[in-house]
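S.K.: Below is a structure I'd like to ask you about.
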Amino acid sequence: MKKKLIFILIINILFVFFLGCAKEDKKVITVGAEISLKDSLNQIVEQFQQSNKNIIVNIEFDASKLLRKQASKGTNLDLIILASKDDMEELEKAKVISESKEILENNMIVAGRKKIDKLEEIKGYRVAIGDPEYSPAGVYSIEILKNSQLFEEIKPDIVLARDVRSAMQYVDLYEVDYAFIYKTESKVMKNAQIVYEIPNELHSPIIYSCGILSGKESEEIKSFYKFLGNGNSREIFLKYGFKVLDPRNKINVEKMKNKGEKK
């Protein structure tokens, strides 16, 4: 009986040991991602891990400008995805990013419950936008209002939200009448709808870029980086309403341009 108990104990110890070894073999990568990618990116990570069982992808979702600041000050992030070309370019100039590419494009809409024929019709109503200090969506919203000569009139009725997802929730929960949000955010609204599609010429192009942080260029990180915008991830992004861009590496494109200039 004692021998049997000892044998079972040894088997359990070996099982725990090998289970621990299996966990240690898995590589963990941490991604900082723009909050408006939450639904699509969670699904993409599931797809990626199905064929890359040795890699665990952890995602920290936040407003793009906060993620940029986090990356600038030193961070646990390995890869970053932002909804602003300017923010990514700042990181590249500071040598925080070693490699980047543009993967997605989005559009701005007005969300609410009553359709409007022109932007001027939001005057006199409470309007939620992302706080431009943190959220690129807020920067695009201010740009739209200024280009429409509406900013000064609308300003007293603007409600600032931490990010674009929060602005969407404000209008969805009846806390404001309208919200300026990305078109893709309308996919998760329950009590509001798209009431006006904002012309693209009223704001800068909404480009999402992903970049690998300097010193974090492992094979696992590069594998996930390549997966973004390709294969199954492309189909998922399209399903959530994003426009998927040519996923060529931005640095490689610049090198090709430089070669052409030398010739």
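The way I read the labels, and the way they are meant: chains A, B, ... in the order of the structure tokens, residue 1 as the first residue of every chain, and ligand 1 as the first ligand shown, with later ones counted on from there.
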Can you tell me which residues surround A:Arg162 at a distance of at most 12 Å, considering only C-alpha atoms, apart from same-chain residues fewer than 4 positions away, and format the answer as a list in words?
M.R.: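 Residues meeting the cut-off are Ile35, Asp62, Ala63, Ser64, Lys65, Leu66, Ala128, Ile129, Gly130, Asp131, Pro132, Glu133, Tyr134, Ser135, Pro136, Ala137, Gly138, Ser166, Ala167, Met168, Gln169 and Tyr170 of chain A.
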S.K.: List as JSON, numbers by chain the protein and nucleic acid residues near A:Asp78, meaning an atom at most 10 Å away when only C-alpha atoms are counted, but skip any in the same chain fewer than 4 places from it.
M.R.: {"A": [28, 29, 30, 31, 32, 71, 97, 211, 212, 213, 214, 215, 216, 217, 218, 221, 222]}
S.K.: Using only C-alpha atoms, which residues sit within 12 Å of A:Glu46 once same-chain residues fewer than 2 positions away are excluded, as an MDAnalysis selection string?
M.R.: chainID A and resid 39:44 48:53 55:59 224 232:233 236
S.K.: Keeping only N, CA and C atoms, write the selected residues to a file as a short mmCIF file (atom, residue, chain, number, x, y, z; two decimals), in the first residue's frame.
M.R.:
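See again.cif below for the written result:
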```cif
data_model
loop_
_atom_site.label_atom_id
_atom_site.label_comp_id
_atom_site.auth_asym_id
_atom_site.auth_seq_id
_atom_site.Cartn_x
_atom_site.Cartn_y
_atom_site.Cartn_z
N ASP A 39 -12.75 44.80 -29.89
CA ASP A 39 -13.54 43.63 -30.30
C ASP A 39 -12.85 42.84 -31.41
N SER A 40 -12.36 43.54 -32.40
CA SER A 40 -11.71 42.85 -33.53
C SER A 40 -10.39 42.21 -33.11
N LEU A 41 -9.60 42.91 -32.30
CA LEU A 41 -8.28 42.41 -31.94
C LEU A 41 -8.36 41.21 -30.99
N ASN A 42 -9.34 41.21 -30.10
CA ASN A 42 -9.52 40.04 -29.22
C ASN A 42 -9.79 38.79 -30.04
N GLN A 43 -10.58 38.95 -31.09
CA GLN A 43 -10.88 37.81 -31.97
C GLN A 43 -9.65 37.41 -32.77
N ILE A 44 -8.87 38.39 -33.20
CA ILE A 44 -7.65 38.11 -33.97
C ILE A 44 -6.63 37.36 -33.12
N PHE A 48 -4.86 33.81 -33.89
CA PHE A 48 -3.40 33.70 -33.93
C PHE A 48 -2.91 32.60 -32.99
N GLN A 49 -3.47 32.54 -31.79
CA GLN A 49 -3.00 31.57 -30.80
C GLN A 49 -3.40 30.14 -31.14
N GLN A 50 -4.42 29.97 -31.98
CA GLN A 50 -4.81 28.63 -32.41
C GLN A 50 -3.70 27.97 -33.22
N SER A 51 -3.00 28.77 -34.02
CA SER A 51 -1.91 28.22 -34.83
C SER A 51 -0.54 28.52 -34.26
N ASN A 52 -0.50 29.23 -33.13
CA ASN A 52 0.77 29.55 -32.45
C ASN A 52 0.60 29.26 -30.96
N LYS A 53 0.46 27.99 -30.64
CA LYS A 53 0.13 27.58 -29.28
C LYS A 53 1.25 27.84 -28.28
N ILE A 55 2.72 30.72 -28.06
CA ILE A 55 2.76 32.18 -27.82
C ILE A 55 1.49 32.63 -27.11
N ILE A 56 1.64 33.37 -26.04
CA ILE A 56 0.51 33.99 -25.33
C ILE A 56 0.56 35.49 -25.62
N VAL A 57 -0.55 36.03 -26.13
CA VAL A 57 -0.62 37.45 -26.45
C VAL A 57 -1.50 38.16 -25.42
N ASN A 58 -0.91 39.05 -24.65
CA ASN A 58 -1.66 39.89 -23.71
C ASN A 58 -1.85 41.27 -24.33
N ILE A 59 -3.06 41.80 -24.22
CA ILE A 59 -3.34 43.12 -24.81
C ILE A 59 -3.76 44.12 -23.75
N PHE A 224 3.55 37.81 -34.77
CA PHE A 224 2.25 38.46 -34.57
C PHE A 224 2.15 39.74 -35.39
N ASN A 232 -6.25 35.57 -41.83
CA ASN A 232 -7.52 35.62 -41.09
C ASN A 232 -7.74 36.97 -40.42
N SER A 233 -6.67 37.64 -40.00
CA SER A 233 -6.83 38.94 -39.34
C SER A 233 -7.46 39.94 -40.30
N ILE A 236 -11.20 39.46 -40.34
CA ILE A 236 -11.82 39.92 -39.09
C ILE A 236 -11.92 41.44 -39.07
#
```
S.K.: Quick one: DSSP strand (DSSP E) residues in stretch 23-219 of chain A, as a VMD selection string?
M.R.: chain A and resid 27 to 34 55 to 62 79 to 82 97 to 106 108 to 112 127 to 130 158 to 161 178 to 182 193 to 197 206 to 213
S.K.: Do you have the atom CA of A:Leu160-atom CA of A:Tyr178 distance handy?
M.R.: 12.1 Å
